[in-house]
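Q: Contents are TSV, C-alpha atoms and all ligand atoms; file name my_file_17.tsv:
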```
chain	number	residue	atom	x	y	z
A	7	MET	CA	103.37	101.88	96.94
A	8	HIS	CA	102.89	103.07	100.45
A	9	PHE	CA	99.95	101.42	102.12
A	10	SER	CA	100.17	103.34	105.34
A	11	ARG	CA	98.48	106.16	103.42
A	12	PHE	CA	95.25	104.17	103.24
A	13	PRO	CA	93.02	103.78	106.29
A	14	ARG	CA	93.22	100.23	107.58
A	15	VAL	CA	91.90	98.32	110.54
A	16	ARG	CA	93.86	95.23	111.55
A	17	LEU	CA	91.67	92.13	111.34
A	18	ALA	CA	93.91	89.48	109.78
A	19	HIS	CA	96.68	87.32	111.17
A	20	LEU	CA	99.51	88.31	108.85
A	21	PRO	CA	101.74	87.30	107.25
A	22	THR	CA	99.98	84.06	106.31
A	23	PRO	CA	102.40	81.14	105.86
A	24	LEU	CA	103.98	80.26	102.52
A	25	GLU	CA	104.56	76.50	102.67
A	26	ALA	CA	105.78	73.67	100.45
A	27	LEU	CA	103.43	70.79	99.59
A	28	PRO	CA	105.92	67.95	98.99
A	29	ARG	CA	103.50	65.02	99.10
A	30	LEU	CA	101.05	66.63	96.71
A	31	SER	CA	103.89	67.65	94.37
A	32	GLU	CA	105.24	64.12	94.32
A	33	HIS	CA	101.80	62.63	93.74
A	34	LEU	CA	101.13	64.84	90.71
A	35	GLY	CA	104.67	64.42	89.39
A	36	GLY	CA	104.86	67.90	87.89
A	37	PRO	CA	105.98	71.25	89.31
A	38	ASN	CA	106.95	71.93	92.93
A	39	ILE	CA	103.72	73.10	94.55
A	40	TYR	CA	103.67	75.70	97.30
A	41	ILE	CA	100.67	77.13	99.10
A	42	LYS	CA	100.03	80.65	100.38
A	43	ARG	CA	97.77	80.09	103.38
A	44	ASP	CA	95.18	82.85	103.15
A	45	ASP	CA	92.78	80.29	104.57
A	46	CYS	CA	94.65	81.16	107.81
A	47	THR	CA	93.84	84.89	108.01
A	48	GLY	CA	92.16	84.08	111.29
A	49	LEU	CA	88.84	85.91	111.25
A	50	ALA	CA	86.15	83.39	112.28
A	51	SER	CA	87.85	80.62	110.27
A	52	GLY	CA	89.61	82.96	107.85
A	53	GLY	CA	89.73	83.41	104.10
A	54	ASN	CA	90.59	86.00	101.49
A	55	LYS	CA	87.85	88.51	102.32
A	56	THR	CA	89.58	89.39	105.57
A	57	ARG	CA	92.39	91.22	103.75
A	58	LYS	CA	89.82	93.23	101.81
A	59	LEU	CA	87.81	93.96	104.94
A	60	GLU	CA	90.83	95.56	106.64
A	61	PHE	CA	90.51	98.43	104.15
A	62	LEU	CA	86.73	98.37	103.70
A	63	MET	CA	85.92	98.40	107.41
A	64	ALA	CA	88.42	101.23	107.93
A	65	GLU	CA	86.42	103.28	105.44
A	66	ALA	CA	83.19	102.33	107.24
A	67	LEU	CA	84.72	103.51	110.54
A	68	GLU	CA	85.82	106.80	108.94
A	69	GLU	CA	82.26	107.34	107.76
A	70	LYS	CA	81.05	106.59	111.29
A	71	ALA	CA	78.86	103.75	110.03
A	72	ASP	CA	77.02	101.65	112.60
A	73	THR	CA	75.58	98.98	110.28
A	74	ILE	CA	77.31	97.00	107.54
A	75	LEU	CA	75.36	95.61	104.58
A	76	THR	CA	76.68	93.10	102.12
A	77	GLN	CA	75.39	90.45	99.75
A	78	GLY	CA	76.33	87.08	98.33
A	79	ALA	CA	75.27	83.47	97.90
A	80	VAL	CA	73.75	81.75	100.94
A	81	GLN	CA	77.04	79.94	101.71
A	82	SER	CA	79.08	83.11	101.14
A	83	ASN	CA	82.45	83.11	102.88
A	84	HIS	CA	82.57	86.84	102.31
A	85	ALA	CA	79.33	87.32	104.25
A	86	ARG	CA	80.68	85.26	107.16
A	87	GLN	CA	83.95	87.21	107.37
A	88	THR	CA	82.01	90.49	107.12
A	89	ALA	CA	79.74	89.37	109.97
A	90	ALA	CA	82.83	88.64	112.09
A	91	ALA	CA	84.47	91.98	111.27
A	92	ALA	CA	81.26	93.83	112.13
A	93	ALA	CA	80.98	91.95	115.43
A	94	LYS	CA	84.58	92.74	116.34
A	95	LEU	CA	84.06	96.45	115.62
A	96	GLY	CA	80.71	96.64	117.42
A	97	MET	CA	78.60	97.25	114.31
A	98	GLY	CA	75.35	95.71	113.14
A	99	CYS	CA	75.45	93.44	110.10
A	100	GLU	CA	72.75	92.75	107.50
A	101	LEU	CA	73.49	89.93	105.06
A	102	LEU	CA	71.43	89.75	101.86
A	103	PHE	CA	71.50	86.30	100.29
A	104	GLU	CA	70.64	85.48	96.71
A	105	ASN	CA	69.30	81.92	96.47
A	106	ARG	CA	71.54	80.95	93.55
A	107	VAL	CA	71.39	77.18	94.09
A	108	GLU	CA	68.24	75.30	93.09
A	109	ASP	CA	66.53	73.04	95.65
A	110	PRO	CA	68.94	73.75	98.48
A	111	ASP	CA	68.98	71.17	101.29
A	112	ASP	CA	68.85	71.91	105.00
A	113	ALA	CA	72.63	71.81	105.41
A	114	TYR	CA	73.10	74.41	102.67
A	115	LEU	CA	70.50	76.71	104.20
A	116	ASN	CA	71.47	76.36	107.85
A	117	SER	CA	74.93	74.86	108.39
A	118	GLY	CA	78.41	75.90	107.27
A	119	ASN	CA	78.78	79.64	106.85
A	120	VAL	CA	75.11	80.31	107.68
A	121	LEU	CA	75.47	78.79	111.15
A	122	LEU	CA	78.53	80.99	111.72
A	123	ASP	CA	76.74	84.12	110.42
A	124	ARG	CA	74.05	83.59	113.02
A	125	LEU	CA	76.53	82.89	115.82
A	126	LEU	CA	78.30	86.11	114.86
A	127	GLY	CA	75.06	88.02	115.32
A	128	ALA	CA	74.30	89.00	111.72
A	129	ASN	CA	70.75	89.29	110.38
A	130	THR	CA	70.14	87.26	107.24
A	131	HIS	CA	67.67	88.04	104.42
A	132	HIS	CA	66.87	85.77	101.47
A	133	TYR	CA	66.10	86.87	97.90
A	134	PRO	CA	65.19	84.81	94.81
A	135	LYS	CA	67.77	84.01	92.15
A	136	ALA	CA	68.48	86.85	89.68
A	137	THR	CA	67.32	89.60	92.09
A	138	ASP	CA	69.16	92.90	91.53
A	139	MET	CA	71.15	92.55	94.75
A	140	ASN	CA	72.79	95.99	94.54
A	141	GLN	CA	69.33	97.54	94.32
A	142	ALA	CA	68.19	95.40	97.26
A	143	MET	CA	71.13	96.65	99.35
A	144	SER	CA	70.47	100.24	98.41
A	145	ASP	CA	66.77	99.89	99.33
A	146	MET	CA	67.67	98.36	102.68
A	147	ALA	CA	70.20	101.13	103.33
A	148	ASP	CA	67.44	103.71	102.69
A	149	ASP	CA	65.19	101.95	105.20
A	150	LEU	CA	68.01	101.89	107.75
A	151	ARG	CA	68.71	105.62	107.28
A	152	ARG	CA	65.03	106.36	107.82
A	153	ALA	CA	65.31	104.41	111.06
A	154	GLY	CA	68.21	106.64	112.15
A	155	LYS	CA	71.06	104.23	111.31
A	156	ARG	CA	74.29	104.90	109.42
A	157	PRO	CA	74.66	102.06	106.91
A	158	TYR	CA	77.81	101.23	104.94
A	159	ILE	CA	77.43	99.03	101.85
A	160	ILE	CA	80.14	96.54	100.92
A	161	PRO	CA	79.72	95.18	97.38
A	162	GLY	CA	79.53	91.41	96.83
A	163	GLY	CA	82.88	89.79	97.59
A	164	GLY	CA	84.22	93.13	98.84
A	165	SER	CA	85.35	93.69	95.27
A	166	ASN	CA	85.96	97.36	94.64
A	167	PRO	CA	89.25	99.31	94.58
A	168	VAL	CA	89.25	99.73	98.37
A	169	GLY	CA	88.83	95.99	98.96
A	170	ALA	CA	91.27	95.05	96.21
A	171	LEU	CA	93.97	96.95	98.11
A	172	GLY	CA	94.09	93.93	100.41
A	173	TYR	CA	95.44	91.85	97.55
A	174	VAL	CA	97.82	94.49	96.25
A	175	ASN	CA	99.23	94.36	99.75
A	176	CYS	CA	99.27	90.54	99.71
A	177	VAL	CA	101.68	90.69	96.75
A	178	LEU	CA	104.16	92.71	98.81
A	179	GLU	CA	103.88	90.11	101.57
A	180	LEU	CA	104.28	87.16	99.19
A	181	LEU	CA	107.28	88.64	97.37
A	182	ALA	CA	109.02	89.39	100.68
A	183	GLN	CA	108.46	85.77	101.80
A	184	ALA	CA	109.68	84.37	98.49
A	185	ASN	CA	112.76	86.58	98.70
A	186	ASP	CA	113.44	85.41	102.27
A	187	GLN	CA	113.06	81.75	101.26
A	188	SER	CA	115.07	82.24	98.03
A	189	LEU	CA	112.05	80.86	96.21
A	190	VAL	CA	111.64	81.77	92.55
A	191	ILE	CA	107.90	81.76	91.86
A	192	ASP	CA	107.16	80.69	88.27
A	193	HIS	CA	103.36	80.83	88.51
A	194	LEU	CA	100.71	82.07	90.92
A	195	VAL	CA	97.29	80.38	90.74
A	196	HIS	CA	94.04	81.00	92.64
A	197	ALA	CA	90.25	80.76	92.38
A	198	THR	CA	88.61	83.90	90.95
A	199	GLY	CA	85.01	84.94	91.54
A	200	SER	CA	83.93	88.53	92.15
A	201	ALA	CA	87.31	89.63	90.74
A	202	GLY	CA	88.76	91.66	93.63
A	203	THR	CA	91.42	89.14	94.55
A	204	GLN	CA	92.73	88.75	91.02
A	205	ALA	CA	92.50	92.49	90.31
A	206	GLY	CA	94.48	93.33	93.44
A	207	LEU	CA	97.06	90.63	92.74
A	208	ILE	CA	97.67	91.69	89.14
A	209	VAL	CA	98.03	95.34	90.13
A	210	GLY	CA	100.52	94.41	92.86
A	211	LEU	CA	102.51	92.11	90.59
A	212	LYS	CA	102.65	94.66	87.75
A	213	ALA	CA	103.36	97.64	89.98
A	214	MET	CA	106.26	95.68	91.54
A	215	HIS	CA	107.56	94.58	88.09
A	216	SER	CA	107.65	91.02	89.40
A	217	ASP	CA	106.91	89.28	86.08
A	218	ILE	CA	105.19	86.36	87.85
A	219	PRO	CA	102.37	85.09	85.63
A	220	LEU	CA	99.01	85.00	87.41
A	221	LEU	CA	96.25	82.56	86.52
A	222	GLY	CA	92.74	82.81	87.95
A	223	ILE	CA	90.60	79.68	87.83
A	224	GLY	CA	87.01	80.82	87.35
A	225	VAL	CA	84.12	79.53	89.46
A	226	ASN	CA	81.29	81.46	87.90
A	227	ALA	CA	81.39	83.47	84.66
A	228	PRO	CA	82.74	82.41	81.26
A	229	ARG	CA	86.32	83.39	80.45
A	230	GLU	CA	85.82	86.58	78.42
A	231	LEU	CA	83.39	88.09	80.93
A	232	GLN	CA	85.54	87.12	83.92
A	233	GLU	CA	88.68	88.59	82.38
A	234	GLU	CA	86.85	91.81	81.47
A	235	ARG	CA	85.57	92.17	85.03
A	236	VAL	CA	89.01	91.62	86.50
A	237	TYR	CA	90.63	94.00	84.03
A	238	ALA	CA	88.10	96.77	84.69
A	239	LEU	CA	88.58	96.51	88.45
A	240	ALA	CA	92.38	96.25	88.07
A	241	GLU	CA	92.44	99.50	86.07
A	242	GLU	CA	90.34	101.26	88.73
A	243	THR	CA	92.49	99.85	91.53
A	244	ALA	CA	95.72	100.91	89.81
A	245	GLU	CA	94.34	104.46	89.46
A	246	TYR	CA	93.33	104.42	93.10
A	247	ILE	CA	96.86	103.65	94.31
A	248	GLY	CA	98.52	106.02	91.85
A	249	ALA	CA	99.85	103.32	89.52
A	250	GLY	CA	97.38	103.95	86.68
A	251	GLY	CA	98.13	102.12	83.43
A	252	CYS	CA	100.38	99.44	84.97
A	253	VAL	CA	98.02	96.59	83.96
A	254	HIS	CA	97.34	95.62	80.36
A	255	ARG	CA	94.44	93.54	79.12
A	256	GLU	CA	96.72	90.62	78.21
A	257	ASP	CA	98.03	90.44	81.80
A	258	VAL	CA	94.59	89.24	82.91
A	259	LEU	CA	94.21	85.51	82.43
A	260	ALA	CA	91.32	83.39	83.66
A	261	ASN	CA	90.64	79.75	82.86
A	262	CYS	CA	86.92	79.09	83.30
A	263	ASP	CA	86.85	75.46	82.15
A	264	TYR	CA	86.27	74.07	85.65
A	265	VAL	CA	83.03	75.80	86.64
A	266	GLY	CA	80.90	72.75	85.77
A	267	GLU	CA	77.15	73.36	85.74
A	268	GLY	CA	77.44	76.66	87.53
A	269	TYR	CA	78.40	78.69	90.58
A	270	GLY	CA	78.17	76.72	93.81
A	271	ILE	CA	77.29	73.44	92.04
A	272	THR	CA	79.64	70.59	92.89
A	273	THR	CA	81.81	68.85	90.27
A	274	ASP	CA	83.59	65.50	90.41
A	275	SER	CA	86.96	67.16	89.76
A	276	MET	CA	86.36	69.53	92.71
A	277	LYS	CA	85.55	66.59	95.01
A	278	GLU	CA	88.71	64.77	93.91
A	279	ALA	CA	90.81	67.90	94.45
A	280	VAL	CA	89.40	68.61	97.92
A	281	SER	CA	90.02	65.06	99.03
A	282	LEU	CA	93.53	64.91	97.52
A	283	LEU	CA	94.66	68.06	99.35
A	284	ALA	CA	93.11	66.79	102.59
A	285	ARG	CA	94.62	63.29	102.38
A	286	LEU	CA	98.08	64.24	101.17
A	287	GLU	CA	98.69	67.48	103.05
A	288	GLY	CA	96.06	67.70	105.82
A	289	ILE	CA	94.70	70.96	104.42
A	290	LEU	CA	91.01	71.72	103.91
A	291	ALA	CA	89.79	73.43	100.73
A	292	ASP	CA	86.19	74.40	99.96
A	293	PRO	CA	83.57	73.20	97.46
A	294	VAL	CA	82.76	76.52	95.75
A	295	TYR	CA	86.10	78.25	95.19
A	296	SER	CA	89.40	76.73	96.28
A	297	GLY	CA	88.22	73.19	95.42
A	298	LYS	CA	87.45	74.19	91.83
A	299	GLY	CA	90.63	76.27	91.68
A	300	LEU	CA	92.67	73.25	92.74
A	301	ALA	CA	90.79	71.01	90.31
A	302	GLY	CA	91.80	73.35	87.49
A	303	MET	CA	95.38	73.54	88.67
A	304	PHE	CA	95.68	69.74	88.98
A	305	ASP	CA	94.24	69.21	85.51
A	306	LEU	CA	96.63	71.78	84.00
A	307	ILE	CA	99.55	70.05	85.74
A	308	ARG	CA	98.46	66.70	84.32
A	309	LYS	CA	98.19	68.26	80.85
A	310	GLY	CA	101.72	69.71	81.12
A	311	TYR	CA	100.70	73.40	81.22
A	312	PHE	CA	102.86	73.75	84.36
A	313	LYS	CA	106.20	72.01	83.96
A	314	GLN	CA	108.40	69.81	86.10
A	315	GLY	CA	110.97	71.88	87.98
A	316	GLU	CA	108.79	75.00	88.00
A	317	ASN	CA	107.65	76.46	91.30
A	318	LEU	CA	103.91	76.92	91.49
A	319	VAL	CA	102.21	78.85	94.28
A	320	PHE	CA	98.52	78.19	94.91
A	321	LEU	CA	96.92	81.00	96.85
A	322	HIS	CA	94.48	79.25	99.20
A	323	THR	CA	91.63	81.71	99.55
A	324	GLY	CA	89.88	79.78	102.36
A	325	GLY	CA	86.26	78.71	102.61
A	326	SER	CA	86.47	75.41	104.50
A	327	ALA	CA	83.49	76.44	106.66
A	328	GLY	CA	81.45	75.94	103.48
A	329	LEU	CA	82.26	72.21	103.52
A	330	PHE	CA	79.59	71.65	106.19
A	331	GLY	CA	76.95	73.33	104.04
A	332	TYR	CA	77.76	70.81	101.28
A	333	TYR	CA	78.38	67.67	103.31
A	334	GLN	CA	75.66	65.63	101.62
A	335	GLN	CA	77.22	66.24	98.19
A	336	LEU	CA	80.75	65.57	99.46
A	337	LEU	CA	80.23	62.21	101.14
A	401	LIG	C1	85.37	84.99	97.53
A	401	LIG	C2	86.25	83.81	97.43
A	401	LIG	C3	87.12	83.65	96.34
A	401	LIG	C4	87.15	84.55	95.16
A	401	LIG	O1	87.69	85.82	95.42
A	401	LIG	P1	87.15	87.05	94.59
A	401	LIG	O2	87.90	88.20	95.10
A	401	LIG	O3	85.67	87.14	94.86
A	401	LIG	O4	87.40	86.78	93.15
A	401	LIG	C5	87.96	82.55	96.34
A	401	LIG	N1	87.93	81.65	97.36
A	401	LIG	C6	87.10	81.77	98.40
A	401	LIG	C7	87.13	80.72	99.44
A	401	LIG	C8	86.23	82.86	98.49
A	401	LIG	O5	85.40	82.96	99.53
```
Now, as a test, write the supplied structure out as structure tokens.
Ligand SMILES: *Cc1c(COP(=O)(O)O)cnc(C)c1O

A:
Amino acid sequence: MHFSRFPRVRLAHLPTPLEALPRLSEHLGGPNIYIKRDDCTGLASGGNKTRKLEFLMAEALEEKADTILTQGAVQSNHARQTAAAAAKLGMGCELLFENRVEDPDDAYLNSGNVLLDRLLGANTHHYPKATDMNQAMSDMADDLRRAGKRPYIIPGGGSNPVGALGYVNCVLELLAQANDQSLVIDHLVHATGSAGTQAGLIVGLKAMHSDIPLLGIGVNAPRELQEERVYALAEETAEYIGAGGCVHREDVLANCDYVGEGYGITTDSMKEAVSLLARLEGILADPVYSGKGLAGMFDLIRKGYFKQGENLVFLHTGGSAGLFGYYQQLL
């Protein structure tokens, strides 16, 4: 794998730290927990989308785009990082929001990521739940072209083979850090949503023959659907980097038992997990993704799925800006 062959624009602060969490590990009494700090990628409060955007925005620049379009939930971390990348590169940014949460309060609609989107100069557009958001983006792109603009569409979550490259690359970074620290990683765990992070990670792990098991904790779809989405994107991504066939269906593992009532809806286990990480390690998670990912990981530790003496790395995918959009549910 030779990433210099792919166009890339530097947006992230890399490498992100790989740190031990001794107080959390002791509290849970199971494996030794480490954290890969992709909440510290640095772009307008960071997160996992920044690694994807390094490759996506490079493609936009190659196509001489002047306006970036993307879509997501109202409190999308992806939208906020895209708005920041567009600002940094002098492009316009149109964010299309699907109102996935019922009866949203003022904080959800205006604080957290939404406040940052506006500060970053993006235009925001709201659509009802279950709108065909890809169609909405394509319609808006047509309008922009008619107005003389050059739009570039980034799919929700930046999850396509170009974006997933960011997480293939993250594997190289993580393995180098583990090698330097003489750390044997027994498991890698993270929150999985639009699938690009998990797809990129599994391709990187398989292509490097690392044998580290990867577990995605779902925040949205049921298990079978989530795994199929990840697998499909992993196959495409492997082809794209010239490692076709390196991922098998059974390599893709998602546990979707911690979604609760649905995407973006708070759960008690998420609240407990967010507050535990904050109080024991001084690290902020988020209510939609990393909080539910941690909740799943903590429960699996308590059930003995991860064993004492094993080294567990949680990939922190960011999102703490979303806390402010949910403050009323978190208090
Ligand atoms: C988008 C996101 C994820 C999920 O990553 P996908 O590539 O969409 O699966 C996890 N955590 C946070 C904070 C995110 O914003």

Q: I'd like a table as a tab-separated table: residues in segment 15-105 of chain A with an atom no more than 12 Å from segment 287-309 of chain A, each row giving the shortest atom pair and its distance in Å to one decimal, only C-alpha atoms counted, sorted by chain and rising residue number.

A:
```
residue	atom	partner	partner_atom	distance
A:Glu25	CA	A:Glu287	CA	10.8
A:Ala26	CA	A:Glu287	CA	9.8
A:Leu27	CA	A:Glu287	CA	6.7
A:Pro28	CA	A:Glu287	CA	8.3
A:Arg29	CA	A:Glu287	CA	6.7
A:Leu30	CA	A:Glu287	CA	6.8
A:Ser31	CA	A:Ile307	CA	10.0
A:Glu32	CA	A:Glu287	CA	11.4
A:His33	CA	A:Phe304	CA	10.5
A:Leu34	CA	A:Arg308	CA	7.2
A:Gly35	CA	A:Arg308	CA	8.3
A:Gly36	CA	A:Ile307	CA	6.1
A:Pro37	CA	A:Ile307	CA	7.5
A:Asn38	CA	A:Ile307	CA	10.5
A:Ile39	CA	A:Ile307	CA	10.2
A:Tyr40	CA	A:Glu287	CA	11.2
A:Ile41	CA	A:Ile289	CA	10.1
A:Lys42	CA	A:Ile289	CA	11.8
A:Arg43	CA	A:Ile289	CA	9.7
A:Asp44	CA	A:Ser296	CA	10.9
A:Asp45	CA	A:Ala291	CA	8.4
A:Cys46	CA	A:Ile289	CA	10.7
A:Ser51	CA	A:Leu290	CA	11.4
A:Gly52	CA	A:Ala291	CA	11.9
A:Gly53	CA	A:Ser296	CA	10.3
A:Asn54	CA	A:Ser296	CA	10.7
A:Ala79	CA	A:Val294	CA	10.4
A:Val80	CA	A:Val294	CA	11.6
A:Gln81	CA	A:Val294	CA	8.9
A:Ser82	CA	A:Val294	CA	9.3
A:Asn83	CA	A:Val294	CA	9.7
A:His84	CA	A:Tyr295	CA	11.7
```

Q: From the set A:Leu231, A:Leu336, A:Val319, A:Leu211, which residue has the shortest atom-to-atom contact distance to Val280 of chain A, counting only C-alpha atoms?

A: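 Under the stated criterion, the closest residue is A:Leu336.
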
Q: From the list A:Leu115, A:Ala85, A:Leu125, A:Leu318, which residue is nearest ligand LIG 401 (chain A) when using all atoms listed in the file?

A: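 Closest candidate: A:Ala85.
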
Q: Record the distance separating atom CA of Leu180 of chain A and atom CA of Ala327 of chain A, expressed in Å with one decimal.

A: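 Computed distance, atom CA of Leu180 of chain A to atom CA of Ala327 of chain A, equals 24.6 Å.
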
Q: If the box runs along x, y and z of the file and leaves 8 Å on each side of ligand LIG 401 (chain A), what are its centre and edge lengths in Å, one decimal, as JSON?

A:
```
{"center_x": 86.7, "center_y": 84.5, "center_z": 96.3, "size_x": 18.6, "size_y": 23.5, "size_z": 22.4}
```

Q: Between atom O3 of ligand LIG 401 (chain A) and atom CA of Gly163 of chain A, what distance in Å does the model show, to one decimal?

A: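 Atom O3 of ligand LIG 401 (chain A) sits 4.7 Å away from atom CA of Gly163 of chain A.
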
Q: When you get a chance, write out N, CA and C atoms for segment 210-237 of chain A, as a compact mmCIF listing (two decimals), in the frame of the given file.

A:
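Wrote it out as result13.txt, contents follow:
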```txt
# COMPACT_ATOMS: atom_id res chain seq x y z
N GLY A 210 99.31 94.51 92.03
CA GLY A 210 100.52 94.41 92.86
C GLY A 210 101.69 93.84 92.08
N LEU A 211 101.43 92.76 91.35
CA LEU A 211 102.51 92.11 90.59
C LEU A 211 103.07 93.05 89.53
N LYS A 212 102.20 93.75 88.83
CA LYS A 212 102.65 94.66 87.75
C LYS A 212 103.34 95.88 88.33
N ALA A 213 102.77 96.43 89.39
CA ALA A 213 103.36 97.64 89.98
C ALA A 213 104.75 97.33 90.55
N MET A 214 104.96 96.07 90.99
CA MET A 214 106.26 95.68 91.54
C MET A 214 107.19 95.13 90.46
N HIS A 215 106.75 95.11 89.21
CA HIS A 215 107.56 94.58 88.09
C HIS A 215 108.06 93.17 88.39
N SER A 216 107.19 92.34 88.96
CA SER A 216 107.65 91.02 89.40
C SER A 216 107.72 90.00 88.26
N ASP A 217 106.92 90.21 87.21
CA ASP A 217 106.91 89.28 86.08
C ASP A 217 106.41 87.87 86.41
N ILE A 218 105.75 87.69 87.53
CA ILE A 218 105.19 86.36 87.85
C ILE A 218 103.84 86.25 87.14
N PRO A 219 103.67 85.24 86.28
CA PRO A 219 102.37 85.09 85.63
C PRO A 219 101.30 84.67 86.64
N LEU A 220 100.13 85.26 86.49
CA LEU A 220 99.01 85.00 87.41
C LEU A 220 97.89 84.33 86.62
N LEU A 221 97.37 83.24 87.17
CA LEU A 221 96.25 82.56 86.52
C LEU A 221 95.09 82.42 87.51
N GLY A 222 93.95 83.00 87.16
CA GLY A 222 92.74 82.81 87.95
C GLY A 222 91.97 81.63 87.39
N ILE A 223 91.48 80.76 88.28
CA ILE A 223 90.60 79.68 87.83
C ILE A 223 89.17 80.11 88.18
N GLY A 224 88.35 80.27 87.16
CA GLY A 224 87.01 80.82 87.35
C GLY A 224 86.06 79.84 88.02
N VAL A 225 85.11 80.38 88.78
CA VAL A 225 84.12 79.53 89.46
C VAL A 225 82.70 79.94 89.08
N ASN A 226 82.59 80.84 88.12
CA ASN A 226 81.29 81.46 87.90
C ASN A 226 81.10 81.81 86.43
N ALA A 227 81.65 82.93 86.00
CA ALA A 227 81.39 83.47 84.66
C ALA A 227 82.26 82.78 83.61
N PRO A 228 81.85 82.87 82.33
CA PRO A 228 82.74 82.41 81.26
C PRO A 228 83.98 83.30 81.14
N ARG A 229 85.00 82.77 80.46
CA ARG A 229 86.32 83.39 80.45
C ARG A 229 86.33 84.88 80.07
N GLU A 230 85.74 85.20 78.91
CA GLU A 230 85.82 86.58 78.42
C GLU A 230 85.23 87.56 79.44
N LEU A 231 84.07 87.21 79.97
CA LEU A 231 83.39 88.09 80.93
C LEU A 231 84.22 88.21 82.21
N GLN A 232 84.75 87.09 82.69
CA GLN A 232 85.54 87.12 83.92
C GLN A 232 86.78 87.99 83.73
N GLU A 233 87.47 87.80 82.62
CA GLU A 233 88.68 88.59 82.38
C GLU A 233 88.35 90.08 82.26
N GLU A 234 87.24 90.40 81.59
CA GLU A 234 86.85 91.81 81.47
C GLU A 234 86.57 92.43 82.84
N ARG A 235 85.89 91.67 83.68
CA ARG A 235 85.57 92.17 85.03
C ARG A 235 86.86 92.43 85.83
N VAL A 236 87.75 91.47 85.75
CA VAL A 236 89.01 91.62 86.50
C VAL A 236 89.79 92.82 85.96
N TYR A 237 89.86 92.92 84.64
CA TYR A 237 90.63 94.00 84.03
C TYR A 237 90.06 95.37 84.40
```
